[in-house]
Amino acid sequence: IMPTGIGHSQPASPLSEPPMLLRWRRLPAPQWSGRCAAPAVVLEGGAVLLMGGFDGQRHLNEVWRSTDTGLTWQQQPIPRWTPRLRSAAAVLPGGQSGRSTVLLMGGEDERHEVLRQVWLSEDAGQSWRSLPSPPWPARCGATALVLPNGKGVLLMGGWGESGHLQDVWQFSSASGHFEEDGEWTQLPPPAWS
């Protein structure tokens with residue numbers, strides 16, 4: 001019980017509630033090999049996708065999906081994109097279609113070259129299509145997030161051919177059909193360095 005303060009009859013504010021405790025539990029070993037630098041996303045409906053990465057020996061172009069919060073995994077068909085690590089990924093809501101759109105952006109290939117590519121999947125990682133080359137510089141290790149209205153993605157920073165990148169790009173679509181009318185816009189330079 002959280003005290004409300006002496007002489008106050010109002011309940012404690014939500015900010016004064018004790019923090020929620022998270023409990024970790026070890027899940028069964030997955031079917032995929034150990035890896036690092038692999039982006040993962042959660043689709044509408046709760047399925048998890050794990051894409052690419054590095055297993056200590058090689059760059060990967062695998063996609064694995066779990067529909068039971070990570071207890072079991074199914075390998076999806078080998079994607080058309082080349083093996084890569086340090087890609088950024090984001091999931092756009094499906095809207096009326098109800099199908100999430102997964103974007104896989106940038107990364108580093110087996111020759112250690114940074115990539116300027118965007119791949120799109122509308123079927124939970126079963127198939128992938130390459131979008132036109134974006135205007136942003138090639139990058140790996142960038143951060144991507146979906147805008148609150150679901151109508152766009154921000155791609156921020158990362159590592160490029162000239163070193164650390166200090167830029168922010170917005171991918172948006174007026175119709176919500178990113179393959180048809182998605183457009184990249186560079187935002188004003190961020191204050192962070």
# chains A, B, ... in the order shown; residues from 1 in each chain; ligands from 1
>>> residues_around(residues="Gly107 in chain A", least_positions_apart="6", cutoff="12 Å", atoms="only C-alpha atoms", output="number ranges by chain")
A: 37-39, 51-54, 59-61, 81-89, 113-119, 137-143, 158-161
>>> write_last_selection(atoms="N, CA, C and O atoms", output="compact mmCIF listing (two decimals), in the first residue's frame")
# COMPACT_ATOMS: atom_id res chain seq x y z
N ALA A 37 24.01 -9.45 -33.30
CA ALA A 37 23.77 -8.41 -34.32
C ALA A 37 22.62 -8.77 -35.27
O ALA A 37 22.68 -8.48 -36.45
N ALA A 38 21.59 -9.43 -34.74
CA ALA A 38 20.43 -9.84 -35.52
C ALA A 38 19.20 -9.07 -35.04
O ALA A 38 18.84 -9.18 -33.87
N PRO A 39 18.56 -8.30 -35.91
CA PRO A 39 17.37 -7.59 -35.46
C PRO A 39 16.20 -8.55 -35.25
O PRO A 39 16.11 -9.59 -35.91
N MET A 51 15.98 -12.00 -37.68
CA MET A 51 16.49 -11.90 -39.05
C MET A 51 17.99 -11.72 -39.09
O MET A 51 18.53 -10.85 -38.41
N GLY A 52 18.65 -12.55 -39.90
CA GLY A 52 20.08 -12.38 -40.15
C GLY A 52 20.93 -12.54 -38.91
O GLY A 52 20.63 -13.32 -38.01
N GLY A 53 22.05 -11.80 -38.87
CA GLY A 53 22.96 -11.82 -37.74
C GLY A 53 24.28 -12.48 -38.09
O GLY A 53 24.61 -12.71 -39.26
N PHE A 54 25.04 -12.79 -37.06
CA PHE A 54 26.38 -13.37 -37.20
C PHE A 54 26.52 -14.46 -36.15
O PHE A 54 26.28 -14.23 -34.97
N HIS A 59 28.11 -14.56 -41.69
CA HIS A 59 26.93 -13.71 -41.74
C HIS A 59 25.75 -14.59 -42.16
O HIS A 59 25.92 -15.53 -42.94
N LEU A 60 24.55 -14.26 -41.69
CA LEU A 60 23.39 -15.12 -41.91
C LEU A 60 22.31 -14.40 -42.71
O LEU A 60 22.14 -13.19 -42.58
N ASN A 61 21.60 -15.17 -43.52
CA ASN A 61 20.40 -14.62 -44.17
C ASN A 61 19.21 -15.53 -43.89
O ASN A 61 18.46 -15.91 -44.75
N TRP A 81 17.41 -11.50 -49.71
CA TRP A 81 18.49 -10.59 -49.32
C TRP A 81 19.73 -11.38 -48.92
O TRP A 81 19.65 -12.51 -48.47
N THR A 82 20.89 -10.76 -49.14
CA THR A 82 22.16 -11.42 -48.88
C THR A 82 22.42 -11.52 -47.38
O THR A 82 21.85 -10.75 -46.59
N PRO A 83 23.29 -12.45 -46.97
CA PRO A 83 23.62 -12.54 -45.54
C PRO A 83 24.08 -11.18 -45.01
O PRO A 83 24.83 -10.47 -45.67
N ARG A 84 23.65 -10.87 -43.77
CA ARG A 84 23.96 -9.55 -43.21
C ARG A 84 23.83 -9.56 -41.69
O ARG A 84 23.16 -10.40 -41.12
N LEU A 85 24.48 -8.60 -41.10
CA LEU A 85 24.34 -8.36 -39.67
C LEU A 85 24.18 -6.87 -39.45
O LEU A 85 24.38 -6.08 -40.36
N ARG A 86 23.82 -6.50 -38.25
CA ARG A 86 23.65 -5.09 -37.84
C ARG A 86 22.65 -4.32 -38.69
O ARG A 86 22.80 -3.12 -38.91
N SER A 87 21.61 -4.99 -39.18
CA SER A 87 20.55 -4.29 -39.90
C SER A 87 19.60 -3.66 -38.90
O SER A 87 19.56 -4.06 -37.73
N ALA A 88 18.81 -2.71 -39.35
CA ALA A 88 17.74 -2.14 -38.54
C ALA A 88 16.43 -2.73 -39.05
O ALA A 88 16.31 -3.05 -40.24
N ALA A 89 15.46 -2.89 -38.19
CA ALA A 89 14.17 -3.45 -38.59
C ALA A 89 13.05 -2.72 -37.86
O ALA A 89 13.23 -2.24 -36.74
N GLU A 113 31.08 -4.68 -46.12
CA GLU A 113 30.63 -3.44 -46.73
C GLU A 113 29.26 -3.09 -46.15
O GLU A 113 28.41 -3.97 -45.98
N VAL A 114 29.06 -1.80 -45.85
CA VAL A 114 27.77 -1.36 -45.33
C VAL A 114 26.78 -1.26 -46.49
O VAL A 114 27.17 -1.00 -47.63
N LEU A 115 25.51 -1.49 -46.20
CA LEU A 115 24.49 -1.62 -47.22
C LEU A 115 23.53 -0.44 -47.23
O LEU A 115 23.22 0.14 -46.18
N ARG A 116 23.05 -0.12 -48.41
CA ARG A 116 22.03 0.92 -48.61
C ARG A 116 20.85 0.25 -49.30
O ARG A 116 20.61 0.43 -50.48
N GLN A 117 20.16 -0.58 -48.52
CA GLN A 117 19.05 -1.37 -49.05
C GLN A 117 17.89 -1.35 -48.08
O GLN A 117 18.08 -1.25 -46.87
N VAL A 118 16.69 -1.50 -48.64
CA VAL A 118 15.48 -1.67 -47.84
C VAL A 118 14.72 -2.85 -48.43
O VAL A 118 14.44 -2.90 -49.63
N TRP A 119 14.42 -3.82 -47.56
CA TRP A 119 13.64 -4.99 -47.95
C TRP A 119 12.33 -4.98 -47.18
O TRP A 119 12.28 -4.54 -46.02
N PRO A 137 22.72 7.47 -46.88
CA PRO A 137 23.98 6.76 -47.07
C PRO A 137 23.91 5.34 -46.52
O PRO A 137 23.15 5.05 -45.59
N ALA A 138 24.70 4.44 -47.11
CA ALA A 138 24.79 3.07 -46.61
C ALA A 138 25.12 3.10 -45.12
O ALA A 138 25.86 3.97 -44.66
N ARG A 139 24.57 2.12 -44.37
CA ARG A 139 24.77 2.13 -42.92
C ARG A 139 24.53 0.76 -42.31
O ARG A 139 23.81 -0.06 -42.85
N CYS A 140 25.13 0.54 -41.17
CA CYS A 140 24.84 -0.61 -40.32
C CYS A 140 24.75 -0.10 -38.89
O CYS A 140 25.21 1.00 -38.59
N GLY A 141 24.12 -0.87 -38.04
CA GLY A 141 24.00 -0.48 -36.63
C GLY A 141 23.09 0.71 -36.38
O GLY A 141 23.16 1.33 -35.32
N ALA A 142 22.21 1.03 -37.32
CA ALA A 142 21.29 2.15 -37.14
C ALA A 142 20.14 1.73 -36.22
O ALA A 142 19.94 0.55 -35.93
N THR A 143 19.38 2.71 -35.78
CA THR A 143 18.19 2.48 -34.97
C THR A 143 16.97 2.84 -35.80
O THR A 143 16.96 3.87 -36.48
N GLY A 158 23.89 5.27 -36.94
CA GLY A 158 24.54 4.06 -37.41
C GLY A 158 25.98 4.34 -37.80
O GLY A 158 26.56 5.38 -37.47
N TRP A 159 26.54 3.39 -38.51
CA TRP A 159 27.92 3.49 -38.97
C TRP A 159 27.91 3.42 -40.49
O TRP A 159 27.29 2.54 -41.07
N GLY A 160 28.59 4.37 -41.14
CA GLY A 160 28.66 4.39 -42.60
C GLY A 160 30.10 4.37 -43.07
O GLY A 160 31.04 4.22 -42.28
N GLU A 161 30.28 4.52 -44.36
CA GLU A 161 31.62 4.49 -44.95
C GLU A 161 32.52 5.59 -44.41
O GLU A 161 33.74 5.45 -44.38
>>> select_by_dssp(residues="range 123-190 of chain A", states="alpha helix (DSSP H)", output="number ranges by chain")
A: 178-181
>>> residues_around(residues="Trp192 in chain A", least_positions_apart="2", cutoff="10 Å", atoms="only C-alpha atoms", output="list in words")
Gln166, Asp167, Pro189 and Pro190 of chain A
>>> write_last_selection(atoms="C-alpha atoms", output="short mmCIF file (atom, residue, chain, number, x, y, z; two decimals), in the first residue's frame")
data_model
loop_
_atom_site.label_atom_id
_atom_site.label_comp_id
_atom_site.auth_asym_id
_atom_site.auth_seq_id
_atom_site.Cartn_x
_atom_site.Cartn_y
_atom_site.Cartn_z
CA GLN A 166 24.49 11.82 -37.32
CA ASP A 167 21.32 11.89 -39.38
CA PRO A 189 20.23 17.66 -38.25
CA PRO A 190 19.74 16.28 -34.73
#
>>> closest_residue(among="A:Ser127, A:Ser121, A:Gln75, A:Ser133", to="Val63 in chain A", atoms="only C-alpha atoms")
A:Gln75
>>> atom_distance(atom1="CA of Val168 in chain A", atom2="CA of Thr185 in chain A")
8.7 Å
>>> closest_residue(among="A:Ile78, A:Leu147, A:Ala191, A:Leu103", to="Gln170 in chain A", atoms="only C-alpha atoms")
A:Leu147
>>> atom_distance(atom1="CA of Pro93 in chain A", atom2="CA of Ala124 in chain A")
11.9 Å
>>> select_by_dssp(residues="range 7-188 of chain A", states="strand (DSSP E or B)", output="PyMOL selection string")
chain A and resi 36+40-42+48-51+54+59-60+63-66+74-75+84-85+88-92+101-105+108+114-115+118-121+129-130+139-140+143-146+152-156+159-160+163-164+168-172+183-186
>>> closest_residue(among="A:Ala40, A:Leu187, A:Leu165, A:Leu104", to="Arg129 in chain A", atoms="only C-alpha atoms")
A:Leu104
>>> closest_residue(among="A:Gly46, A:Gly125, A:Gly94, A:Pro188", to="Glu62 in chain A", atoms="only C-alpha atoms")
A:Gly125
>>> residues_around(residues="Gly150 in chain A", least_positions_apart="3", cutoff="12 Å", atoms="only C-alpha atoms", output="PyMOL selection string")
chain A and resi 90-95+100-101+145-147+153-154+171-178
>>> atom_distance(atom1="CA of Pro132 in chain A", atom2="CA of Leu43 in chain A")
23.6 Å
>>> closest_residue(among="A:Arg58, A:Arg23, A:Lys151, A:Arg80", to="Ser130 in chain A", atoms="only C-alpha atoms")
A:Arg80
>>> residues_around(residues="Gln126 in chain A", least_positions_apart="3", cutoff="8 Å", atoms="only C-alpha atoms", output="PyMOL selection string")
chain A and resi 76-77+79+121+123
>>> closest_residue(among="A:Leu155, A:Pro30, A:Trp136, A:Gln186", to="Thr69 in chain A", atoms="only C-alpha atoms")
A:Pro30
>>> residues_around(residues="Val48 in chain A", least_positions_apart="6", cutoff="6 Å", atoms="only C-alpha atoms", output="list of chain:residue names")
A:Val41, A:Val42, A:Arg65, A:Ser66
>>> write_last_selection(atoms="N, CA, C and O atoms", output="mmCIF file, in the first residue's frame")
data_model
loop_
_atom_site.group_PDB
_atom_site.id
_atom_site.type_symbol
_atom_site.label_atom_id
_atom_site.label_comp_id
_atom_site.auth_asym_id
_atom_site.auth_seq_id
_atom_site.Cartn_x
_atom_site.Cartn_y
_atom_site.Cartn_z
ATOM 1 N N VAL A 41 11.783 -8.377 -34.377
ATOM 2 C CA VAL A 41 10.597 -7.532 -34.292
ATOM 3 C C VAL A 41 9.421 -8.376 -33.818
ATOM 4 O O VAL A 41 9.424 -9.597 -33.940
ATOM 5 N N VAL A 42 8.406 -7.694 -33.284
ATOM 6 C CA VAL A 42 7.154 -8.336 -32.892
ATOM 7 C C VAL A 42 6.080 -7.860 -33.858
ATOM 8 O O VAL A 42 5.871 -6.656 -34.028
ATOM 9 N N ARG A 65 10.758 -17.565 -37.106
ATOM 10 C CA ARG A 65 9.522 -17.004 -36.544
ATOM 11 C C ARG A 65 9.036 -17.863 -35.386
ATOM 12 O O ARG A 65 9.054 -19.095 -35.446
ATOM 13 N N SER A 66 8.624 -17.190 -34.320
ATOM 14 C CA SER A 66 7.996 -17.854 -33.178
ATOM 15 C C SER A 66 6.605 -17.273 -33.011
ATOM 16 O O SER A 66 6.433 -16.055 -32.998
#
